Structure formats: structure tokens, C-alpha cells
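*Asks:* Pasting my_file-v6.txt here (compact mmCIF, C-alpha atoms and all ligand atoms):
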# COMPACT_ATOMS: atom_id res chain seq x y z
CA MET A 1 12.80 -17.20 60.86
CA LYS A 2 9.08 -16.59 60.48
CA ALA A 3 6.79 -19.59 61.12
CA ALA A 4 3.14 -20.36 61.89
CA LEU A 5 2.75 -22.46 65.04
CA ILE A 6 -0.35 -24.56 65.69
CA GLN A 7 -2.01 -23.62 68.96
CA GLU A 8 -3.81 -26.02 71.25
CA GLY A 9 -7.52 -25.42 70.76
CA GLY A 10 -7.09 -24.41 67.13
CA GLY A 11 -5.65 -21.58 65.08
CA LEU A 12 -2.06 -20.59 64.47
CA THR A 13 0.25 -17.83 65.62
CA VAL A 14 2.89 -16.38 63.35
CA GLN A 15 6.10 -15.78 65.26
CA ASP A 16 9.87 -15.79 65.08
CA VAL A 17 11.46 -19.17 65.79
CA PRO A 18 15.04 -20.41 65.43
CA GLU A 19 15.98 -21.48 61.90
CA PRO A 20 16.54 -25.26 61.58
CA PRO A 21 20.21 -26.25 61.90
CA GLU A 22 22.35 -27.54 59.01
CA PRO A 23 21.00 -30.93 57.91
CA GLU A 24 22.14 -34.28 59.35
CA PRO A 25 23.85 -36.68 56.86
CA ASP A 26 20.58 -38.06 55.31
CA TRP A 27 18.59 -34.83 55.49
CA VAL A 28 17.87 -31.85 53.26
CA LYS A 29 17.16 -28.28 54.32
CA VAL A 30 14.64 -26.56 52.05
CA LYS A 31 13.86 -22.87 51.74
CA ILE A 32 10.07 -23.05 51.55
CA ALA A 33 8.45 -21.22 48.63
CA TYR A 34 4.81 -22.16 49.26
CA CYS A 35 2.86 -24.39 51.60
CA GLY A 36 -0.75 -25.27 50.82
CA ILE A 37 -3.49 -25.28 53.43
CA CYS A 38 -4.86 -28.82 53.72
CA GLY A 39 -8.57 -29.47 54.28
CA SER A 40 -7.66 -31.74 57.21
CA GLU A 41 -6.10 -28.77 59.04
CA LEU A 42 -9.34 -26.80 58.88
CA HIS A 43 -10.86 -29.29 61.28
CA SER A 44 -8.63 -27.85 64.01
CA ILE A 45 -10.89 -24.77 64.05
CA ASP A 46 -14.13 -26.52 63.10
CA PRO A 47 -16.34 -26.90 66.22
CA GLU A 48 -18.02 -30.02 64.80
CA TYR A 49 -14.68 -31.82 64.81
CA ILE A 50 -13.15 -30.27 67.93
CA SER A 51 -16.20 -31.13 70.06
CA ARG A 52 -15.79 -34.78 69.13
CA SER A 53 -12.27 -34.93 70.47
CA PRO A 54 -11.80 -38.38 72.04
CA GLN A 55 -10.35 -36.98 75.27
CA PRO A 56 -10.89 -33.45 76.57
CA GLY A 57 -7.87 -31.33 75.71
CA LYS A 58 -6.46 -33.97 73.34
CA PRO A 59 -6.71 -33.50 69.59
CA PRO A 60 -8.79 -35.95 67.57
CA ARG A 61 -6.68 -38.54 65.86
CA GLY A 62 -5.15 -37.30 62.64
CA VAL A 63 -5.84 -33.64 63.34
CA ASP A 64 -2.90 -31.28 63.44
CA MET A 65 -2.80 -29.63 66.85
CA GLY A 66 -0.22 -28.82 69.50
CA PRO A 67 2.44 -26.13 69.76
CA ARG A 68 4.54 -26.92 66.74
CA ILE A 69 5.03 -25.57 63.22
CA GLY A 70 2.13 -26.55 60.96
CA GLY A 71 1.98 -27.19 57.23
CA HIS A 72 2.72 -30.26 55.12
CA GLU A 73 2.07 -29.45 51.44
CA ALA A 74 5.20 -27.59 50.42
CA SER A 75 7.53 -26.71 47.58
CA GLY A 76 10.80 -24.81 47.72
CA THR A 77 14.47 -24.60 46.86
CA VAL A 78 17.19 -26.79 48.35
CA ALA A 79 19.21 -24.67 50.80
CA ALA A 80 21.63 -27.34 52.13
CA ILE A 81 22.14 -31.11 51.92
CA GLY A 82 23.59 -33.64 54.36
CA SER A 83 26.84 -35.48 53.60
CA ASN A 84 25.11 -38.76 52.53
CA VAL A 85 22.58 -37.18 50.18
CA LYS A 86 22.84 -38.18 46.51
CA GLY A 87 20.92 -36.85 43.53
CA ILE A 88 19.76 -33.64 45.17
CA GLU A 89 21.68 -30.39 44.80
CA VAL A 90 21.64 -27.02 46.50
CA GLY A 91 19.51 -24.59 44.49
CA GLN A 92 17.26 -27.28 42.97
CA ARG A 93 13.52 -26.64 42.91
CA VAL A 94 11.73 -29.37 44.82
CA ALA A 95 8.42 -30.50 46.34
CA MET A 96 8.24 -32.74 49.36
CA ASN A 97 6.37 -35.45 51.17
CA PHE A 98 5.90 -34.57 54.85
CA ARG A 99 6.75 -38.07 56.03
CA THR A 100 9.24 -40.77 55.16
CA PRO A 101 8.30 -44.40 55.76
CA CYS A 102 11.08 -46.33 57.52
CA GLY A 103 11.21 -49.08 54.87
CA THR A 104 11.86 -51.84 57.41
CA CYS A 105 8.79 -52.24 59.65
CA TYR A 106 6.10 -54.90 59.10
CA TYR A 107 3.89 -52.56 57.05
CA CYS A 108 6.69 -51.08 54.94
CA ARG A 109 7.79 -54.64 54.08
CA ASN A 110 4.25 -55.59 53.10
CA MET A 111 3.43 -52.82 50.61
CA MET A 112 1.59 -50.67 53.16
CA GLU A 113 4.03 -47.81 53.69
CA HIS A 114 1.16 -45.52 54.67
CA PHE A 115 0.84 -47.52 57.88
CA CYS A 116 4.56 -47.38 58.68
CA GLU A 117 5.18 -47.87 62.39
CA ARG A 118 8.35 -45.79 62.46
CA VAL A 119 7.56 -42.83 60.20
CA ILE A 120 10.23 -40.15 60.00
CA PRO A 121 8.37 -36.81 59.99
CA ALA A 122 9.58 -33.62 58.36
CA THR A 123 9.50 -30.35 60.29
CA GLY A 124 6.47 -28.13 59.60
CA SER A 125 6.47 -26.12 56.39
CA TYR A 126 4.56 -23.00 57.37
CA ALA A 127 8.05 -21.62 57.85
CA GLU A 128 10.89 -20.05 55.90
CA TYR A 129 12.94 -23.24 56.21
CA ALA A 130 12.13 -26.89 56.89
CA LEU A 131 14.08 -30.16 57.18
CA TYR A 132 13.21 -33.27 55.19
CA HIS A 133 14.66 -36.75 55.01
CA ALA A 134 16.22 -36.97 51.52
CA ASN A 135 13.75 -39.75 50.56
CA ALA A 136 10.87 -37.27 50.94
CA VAL A 137 12.31 -34.75 48.46
CA TYR A 138 11.24 -34.77 44.79
CA LYS A 139 12.87 -32.69 42.03
CA LEU A 140 10.36 -30.56 40.13
CA PRO A 141 10.38 -30.80 36.33
CA ASP A 142 11.58 -27.59 34.61
CA ASN A 143 8.10 -26.85 33.25
CA VAL A 144 6.43 -27.02 36.66
CA SER A 145 6.31 -23.84 38.75
CA LEU A 146 6.92 -23.76 42.50
CA GLU A 147 3.24 -22.78 42.89
CA VAL A 148 2.02 -25.89 41.07
CA GLY A 149 4.72 -27.96 42.77
CA ALA A 150 3.14 -27.20 46.15
CA LEU A 151 0.13 -29.25 45.00
CA LEU A 152 2.19 -32.45 44.82
CA GLU A 153 1.06 -33.84 48.19
CA PRO A 154 -2.71 -33.24 47.78
CA LEU A 155 -2.46 -34.47 44.18
CA SER A 156 -0.87 -37.69 45.45
CA VAL A 157 -3.93 -38.21 47.68
CA ALA A 158 -6.19 -37.81 44.62
CA VAL A 159 -4.04 -40.35 42.76
CA HIS A 160 -4.52 -42.79 45.64
CA ALA A 161 -8.28 -42.10 45.61
CA VAL A 162 -8.39 -42.93 41.89
CA ASP A 163 -6.27 -46.04 42.51
CA GLN A 164 -8.73 -47.10 45.22
CA ALA A 165 -11.69 -46.39 42.93
CA GLU A 166 -10.13 -48.62 40.24
CA VAL A 167 -11.19 -46.16 37.57
CA LYS A 168 -11.50 -47.90 34.20
CA PRO A 169 -11.62 -46.28 30.74
CA GLY A 170 -15.18 -45.31 29.91
CA CYS A 171 -16.59 -45.70 33.41
CA THR A 172 -19.15 -43.40 35.00
CA MET A 173 -18.25 -41.61 38.20
CA ALA A 174 -19.79 -39.31 40.79
CA ILE A 175 -17.67 -37.04 42.97
CA LEU A 176 -19.44 -35.57 45.98
CA GLY A 177 -17.73 -32.41 47.19
CA ALA A 178 -15.56 -30.21 44.96
CA GLY A 179 -13.01 -28.93 47.41
CA PRO A 180 -9.34 -29.35 46.43
CA ILE A 181 -9.35 -33.15 46.87
CA GLY A 182 -12.63 -33.52 44.98
CA ILE A 183 -11.42 -31.37 42.08
CA LEU A 184 -8.02 -33.08 41.94
CA THR A 185 -9.74 -36.48 42.02
CA GLN A 186 -11.94 -35.34 39.13
CA GLU A 187 -8.91 -34.29 37.06
CA VAL A 188 -7.00 -37.52 37.74
CA ALA A 189 -10.09 -39.68 37.11
CA LEU A 190 -10.72 -38.00 33.74
CA LYS A 191 -7.07 -38.58 32.85
CA ALA A 192 -7.49 -42.23 33.89
CA GLY A 193 -10.41 -42.60 31.50
CA ALA A 194 -13.60 -41.83 33.42
CA ALA A 195 -16.05 -40.87 30.68
CA LYS A 196 -19.06 -39.37 32.45
CA VAL A 197 -18.33 -37.49 35.67
CA LEU A 198 -21.01 -35.90 37.84
CA VAL A 199 -19.81 -33.47 40.50
CA SER A 200 -22.10 -32.48 43.38
CA GLU A 201 -21.11 -29.34 45.28
CA PRO A 202 -23.13 -26.64 47.08
CA VAL A 203 -20.64 -23.77 46.49
CA ALA A 204 -21.28 -22.11 43.10
CA SER A 205 -17.65 -21.10 42.37
CA ARG A 206 -16.50 -24.67 43.03
CA ARG A 207 -19.16 -26.09 40.71
CA GLU A 208 -18.05 -23.66 38.02
CA LEU A 209 -14.44 -24.78 38.40
CA ALA A 210 -15.47 -28.44 38.21
CA LYS A 211 -17.38 -27.71 34.99
CA GLN A 212 -14.46 -25.72 33.55
CA LEU A 213 -12.12 -28.64 34.28
CA GLY A 214 -14.23 -31.18 32.46
CA ALA A 215 -17.07 -32.44 34.68
CA THR A 216 -19.90 -33.74 32.49
CA VAL A 217 -22.60 -32.50 34.87
CA VAL A 218 -22.44 -30.35 38.00
CA VAL A 219 -25.22 -30.38 40.56
CA ASP A 220 -26.10 -28.13 43.48
CA PRO A 221 -27.36 -30.74 45.98
CA THR A 222 -29.10 -28.06 48.05
CA LYS A 223 -31.31 -26.99 45.14
CA GLU A 224 -31.38 -29.85 42.63
CA ASP A 225 -32.38 -33.49 42.86
CA LEU A 226 -29.06 -35.33 42.87
CA HIS A 227 -30.63 -38.74 42.23
CA GLU A 228 -32.57 -37.42 39.27
CA ALA A 229 -29.37 -36.00 37.75
CA ALA A 230 -27.58 -39.28 38.48
CA ASN A 231 -30.31 -41.35 36.83
CA LYS A 232 -30.27 -39.12 33.78
CA LEU A 233 -26.51 -39.52 33.32
CA THR A 234 -26.41 -43.27 33.97
CA GLU A 235 -29.68 -44.38 32.36
CA GLY A 236 -31.10 -45.08 35.79
CA ARG A 237 -28.37 -47.51 36.84
CA GLY A 238 -26.21 -45.45 39.16
CA PHE A 239 -22.46 -44.89 38.90
CA ASP A 240 -19.67 -47.41 38.44
CA ARG A 241 -17.56 -45.37 40.86
CA VAL A 242 -18.55 -42.90 43.58
CA VAL A 243 -16.14 -40.79 45.63
CA ASP A 244 -17.15 -38.85 48.72
CA ALA A 245 -14.78 -35.92 49.14
CA SER A 246 -17.14 -33.87 51.31
CA GLY A 247 -16.37 -35.10 54.81
CA LYS A 248 -20.07 -35.07 55.65
CA PRO A 249 -21.33 -38.42 57.05
CA ALA A 250 -24.75 -37.95 55.37
CA VAL A 251 -23.00 -37.50 52.01
CA ALA A 252 -20.80 -40.55 52.60
CA LYS A 253 -24.02 -42.53 53.05
CA GLN A 254 -25.56 -40.94 49.98
CA ALA A 255 -22.52 -42.13 48.00
CA LEU A 256 -23.68 -45.72 48.63
CA ASP A 257 -27.12 -45.02 47.13
CA LEU A 258 -25.58 -43.49 44.01
CA ALA A 259 -23.51 -46.57 43.16
CA ASP A 260 -24.55 -49.09 40.52
CA LYS A 261 -24.38 -52.86 41.07
CA CYS A 262 -20.78 -53.96 41.66
CA GLY A 263 -19.92 -50.29 42.12
CA ILE A 264 -16.93 -49.08 44.12
CA VAL A 265 -17.47 -46.33 46.69
CA VAL A 266 -14.44 -44.48 48.04
CA TRP A 267 -14.60 -42.33 51.15
CA VAL A 268 -11.64 -40.01 50.68
CA ALA A 269 -12.59 -37.40 53.27
CA VAL A 270 -11.84 -37.08 56.99
CA TYR A 271 -15.02 -37.52 59.05
CA PRO A 272 -15.68 -36.19 62.54
CA PHE A 273 -14.05 -38.45 65.12
CA GLY A 274 -16.29 -41.32 66.23
CA THR A 275 -18.62 -41.03 63.21
CA GLU A 276 -20.51 -44.18 62.31
CA ILE A 277 -22.12 -44.52 58.90
CA SER A 278 -24.70 -47.27 58.52
CA VAL A 279 -24.69 -49.40 55.39
CA PRO A 280 -27.98 -50.89 54.14
CA ALA A 281 -27.35 -54.66 53.99
CA LEU A 282 -29.05 -54.73 50.61
CA HIS A 283 -26.11 -52.80 49.17
CA MET A 284 -23.99 -55.84 49.95
CA ASN A 285 -26.13 -58.91 49.28
CA GLY A 286 -28.19 -57.13 46.62
CA LYS A 287 -25.65 -54.99 44.79
CA GLU A 288 -22.16 -56.24 45.72
CA ILE A 289 -20.96 -52.74 46.48
CA THR A 290 -17.38 -52.29 47.64
CA ILE A 291 -16.54 -49.50 50.09
CA LYS A 292 -12.96 -48.32 50.44
CA GLY A 293 -11.13 -45.70 52.44
CA VAL A 294 -8.16 -43.50 51.66
CA VAL A 295 -5.25 -42.89 54.04
CA ILE A 296 -2.72 -40.45 52.54
CA SER A 297 -0.98 -41.68 49.39
CA PRO A 298 1.22 -44.79 49.44
CA TYR A 299 3.58 -45.07 46.43
CA CYS A 300 1.80 -42.22 44.63
CA PHE A 301 4.41 -39.44 44.62
CA PRO A 302 6.44 -40.52 41.55
CA ARG A 303 3.29 -40.74 39.41
CA SER A 304 1.97 -37.49 40.86
CA ILE A 305 5.21 -35.72 39.84
CA ASN A 306 4.51 -36.85 36.26
CA LEU A 307 0.96 -35.51 36.45
CA LEU A 308 1.89 -32.02 37.73
CA SER A 309 2.54 -30.74 34.20
CA GLU A 310 -0.32 -32.71 32.61
CA LEU A 311 -3.24 -31.38 34.66
CA GLU A 312 -4.75 -27.90 34.89
CA LEU A 313 -3.69 -26.95 38.39
CA GLU A 314 -3.21 -23.17 38.20
CA PRO A 315 -6.98 -22.47 38.36
CA LEU A 316 -7.08 -24.02 41.86
CA ILE A 317 -4.38 -21.79 43.31
CA SER A 318 -4.47 -18.56 45.26
CA ILE A 319 -1.56 -17.19 47.28
CA ARG A 320 -1.64 -15.44 50.65
CA PRO A 321 1.10 -14.23 53.01
CA ILE A 322 1.74 -16.23 56.19
CA GLU A 323 0.37 -13.33 58.25
CA GLU A 324 -3.10 -14.05 56.79
CA ILE A 325 -3.08 -17.75 57.63
CA ASN A 326 -5.92 -17.68 60.20
CA GLU A 327 -8.08 -15.54 57.92
CA SER A 328 -7.38 -18.04 55.12
CA TYR A 329 -8.56 -20.95 57.32
CA HIS A 330 -11.85 -19.16 58.00
CA ASP A 331 -12.34 -18.22 54.35
CA LEU A 332 -11.76 -21.82 53.29
CA LEU A 333 -14.24 -23.13 55.85
CA ALA A 334 -16.76 -20.70 54.33
CA GLY A 335 -16.04 -22.16 50.88
CA LYS A 336 -13.99 -19.14 49.73
CA GLY A 337 -10.91 -20.10 47.73
CA MET A 338 -9.75 -23.56 46.64
CA LYS A 339 -6.10 -24.39 47.25
CA VAL A 340 -4.61 -21.51 49.23
CA LEU A 341 -0.83 -21.46 49.22
CA ILE A 342 0.80 -19.75 52.17
CA LYS A 343 3.95 -17.79 51.35
CA PRO A 344 6.22 -17.71 54.39
ZN ZN B 1 -2.90 -32.66 53.41
ZN ZN B 2 7.91 -48.56 58.20
Output the structure of this file as C-alpha cells.
*Replies:*
Amino acid sequence: MKAALIQEGGGLTVQDVPEPPEPEPDWVKVKIAYCGICGSELHSIDPEYISRSPQPGKPPRGVDMGPRIGGHEASGTVAAIGSNVKGIEVGQRVAMNFRTPCGTCYYCRNMMEHFCERVIPATGSYAEYALYHANAVYKLPDNVSLEVGALLEPLSVAVHAVDQAEVKPGCTMAILGAGPIGILTQEVALKAGAAKVLVSEPVASRRELAKQLGATVVVDPTKEDLHEAANKLTEGRGFDRVVDASGKPAVAKQALDLADKCGIVVWVAVYPFGTEISVPALHMNGKEITIKGVVISPYCFPRSINLLSELELEPLISIRPIEEINESYHDLLAGKGMKVLIKP
């Protein structure tokens, strides 16, 4: 079968590899329809991130590298099921998580499945077929296309970001960076009741999309005064909630300045390895700001499935053949495209 393999040093090669075997008793074999390119993967070809690798020749933590099939944001059709699998049938349209928590380690037993010590990974989904533990497979509702279904995993991260931000009805919110995670966070936050949402994003097409999808104000931080726009929207107080989805350490720091007293700041992005971001002490003993992180999406998939048909997700999507995967990476790094789905 055709698959895109991650190369050491960045980039992928599309080549023929053996098709996965028939699934083991608890596993499901899926014929992949689409697999989205994740922002975290782009770091594998981004010099700023590669040069900060902790050990020469070793990938930074959390960055997909090494000679294996890439891709983790997939939808498809069930091709075969193992003998123990219940509730999933051959031919069903599905979307998948790329990892299955073990359910029995210390973290799984303490409501922190995202830190599972014995995660069961799926095979990579930049491929015609992939294998998933049955617990990682979610049936798509009839009114959700396979294209939209491929957004389940990134949407689940946005749901976790909104959980972390503790969005309350009527609150004000700033989202810094309108890439896929920023835009999805905006849509989920509006659904959760955020009333005034400012989106800051340097790429014009991304600002336009944010506006089209309901942002109250969009700002080009390279040309406009972000703090002035923030003050105007919040009567000079700052935001109840601020999310950095840019991955830029300077912007993560800026997020702190934009927060109101008792505000919650969520850093949802992946920052270059080893990054340190200083926090003015006055934000703590003068404003009681809370800073939170986001690591994937614990317990968010079932709610994200419900949201797939309730949000406007089609405008984010473009589709490209697997042969154009490297070109797609470079285009995305240049801010071209939003959620690119690779068709194997
Ligand atoms: Zn991802
Ligand atoms: Zn576990």
C-alpha cells in the first residue's frame, strides 16, 4: 500500500509498504479516507524547532520523527475487525484517536489518561490502511462527512483548550493565532458561551476566516495595536480568558498581559524545545492570573463527536493527494491553507 514515512531530519517520503495484517482480537483495521496535517508535525521541518533538539540527531520531545508512517488525524471506513470487537462493523464510517490509554496505570486510574504510562499507539495514518485498538475508534454520525470526520482529533484538542480555559457564558476571550487549533478553539468557545472574542493573527486569509466564523474583532498584530484593540473591547480591563495558539514564546508572554484580573491564560501551542517564558510576578500577586497548559485531549472525544455536526468545519478544509504531502507542509508553514487533509 501507499504510505508517507517520516524521515530523520524532517520531511516524508511516499513509498510502497506492506499492508497491515488482519487485526488482532481487540483491534480494528481501517481503510483511511483522509488524514489531516497537524501543526505539531510542521515542526519536524521548521529549523527553529529542529535546531533546539535536546540531543544531536534525536528528535525534540513530542515531535514526530523517525522512519515510520506519519499521520494521526484520520477518518475512514472499517475494513476488518478483530474477534473481540463489539459495536463496530465492517463498512462503518469512523474517525479515530491515534492512541489508546491503558486504563490501568497510575494516571489512567487518576483521571489523567493523557499521561498514561502504557499508551497503546495506532499505526500511522498517512497510509491506505491503519490499525487501531477498538477503544480508539468512533462511529461518525450519518450527517458528518469523512472530510469533517478527519477533524475529530484536532477538534478534541480545542475542546480540551476550552475546558482548560473554563469558558463561562458571556465571558470575554482573546485567541492569539488563528491556525487550525486557534480557529477550532474560537468555534468551541463561542458555542460554550464566550460573548466577545478577539482573534489576533498576522495572515489575512486566516483573519478573514476567524471573522466569518464569528470572531467579534480580528487584529493584525504586525500592523495594529493589539492592546488598544483589547482595551476597546474590554473597557480597558483585559480579557477573562486568553488562549495562545501561536506557538511563539513572545506571544505566549503577551497573552499574560492581555488577561484581566483573575483571568485564565491557556498555552495550547507547542513551543520550541527548552523555551522559557518569564512571568512578571505582579501578574500573580497583583492580578491572580492562572496559567494552564494543554496536552492532547483527555476525555474529549465523545463530546467532540457531538460537536462535529454543530460547528462550521468545512471552511477549514482543503484536500491534497499524499504525493503532495511535503509541498503541503511547506505551504502550511508559509500560512497557506488551514486544515489540509491528505488523501492516501
Ligand atoms: Zn495533532
Ligand atoms: Zn494508562
*Asks:* May I have the residues within 9 Å of region 228-241 of chain A as a count of residues only, using all atoms listed in the file and disregarding those fewer than 3 positions away in the same chain?
*Replies:* 27
*Asks:* Enter the distance from CA of Pro180 (chain A) to CA of Val148 (chain A), in Å, rounded to one decimal.
*Replies:*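 If I compute the distance from CA of Pro180 (chain A) to CA of Val148 (chain A), I get 13.0 Å.
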*Asks:* 7 Å from ligand ZN 1 (chain B) is the threshold here; counting only C-alpha atoms and all ligand atoms, which polymer residues fall inside it? Answer as an mmCIF file with C-alpha atoms, keeping the file's coordinate frame.
*Replies:*
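Result file is pocket.cif:
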data_model
loop_
_atom_site.group_PDB
_atom_site.id
_atom_site.type_symbol
_atom_site.label_atom_id
_atom_site.label_comp_id
_atom_site.auth_asym_id
_atom_site.auth_seq_id
_atom_site.Cartn_x
_atom_site.Cartn_y
_atom_site.Cartn_z
ATOM 1 C CA CYS A 38 -4.860 -28.820 53.720
ATOM 2 C CA GLY A 39 -8.570 -29.470 54.280
ATOM 3 C CA SER A 40 -7.660 -31.740 57.210
ATOM 4 C CA HIS A 72 2.720 -30.260 55.120
ATOM 5 C CA GLU A 73 2.070 -29.450 51.440
ATOM 6 C CA GLU A 153 1.060 -33.840 48.190
ATOM 7 C CA PRO A 154 -2.710 -33.240 47.780
#
*Asks:* Produce as a VMD selection string the set of residues near ligand ZN 2 (chain B), where near means within 10 Å with only C-alpha atoms and all ligand atoms considered.
*Replies:* chain A and resid 100 to 120
*Asks:* Identify, on the basis of only C-alpha atoms, every residue whose closest approach to region 19-25 of chain A does not exceed 12 Å; exclude the query and any residue fewer than 6 positions from it along the same chain; express the result as a ChimeraX atom specification.
*Replies:* /A:1-3,31,69,78-86,122-125,127-134
*Asks:* What's around region 324-334 of chain A at 9 Å? Count all atoms listed in the file, leave out sequence neighbours fewer than 2 positions away in its own chain, and write the answer as a ChimeraX atom specification.
*Replies:* /A:4,11-14,37,39,41-43,45-46,320-322,336-340,342
*Asks:* Counting only C-alpha atoms, which residues of region 289-320 of chain A fall within 10 Å of region 187-193 of chain A, and what is the closest atom pair for each with its distance in Å at one decimal, ordered by chain and rising number, as a tab-separated table?
*Replies:*
residue	atom	partner	partner_atom	distance
A:Ser304	CA	A:Val188	CA	9.5
A:Leu307	CA	A:Val188	CA	8.3
A:Glu310	CA	A:Lys191	CA	8.9
A:Leu311	CA	A:Glu187	CA	6.8
A:Glu312	CA	A:Glu187	CA	7.9
A:Leu313	CA	A:Glu187	CA	9.1
*Asks:* Please produce an output containing C-alpha atoms for each residue in the selection, written as a CSV table (one decimal), in the coordinates of the input.
*Replies:*
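The resulting file, selection.csv, is reproduced below:
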chain,number,residue,atom,x,y,z
A,304,SER,CA,2.0,-37.5,40.9
A,307,LEU,CA,1.0,-35.5,36.4
A,310,GLU,CA,-0.3,-32.7,32.6
A,311,LEU,CA,-3.2,-31.4,34.7
A,312,GLU,CA,-4.8,-27.9,34.9
A,313,LEU,CA,-3.7,-27.0,38.4
*Asks:* Measuring between all atoms listed in the file, which one of A:Thr222, A:Ser246, A:Gln186, A:Gln164 shows the shortest distance to Ile291 (chain A)?
*Replies:*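 Of A:Thr222, A:Ser246, A:Gln186, A:Gln164, the one nearest Ile291 (chain A) is A:Gln164, counting all atoms listed in the file.
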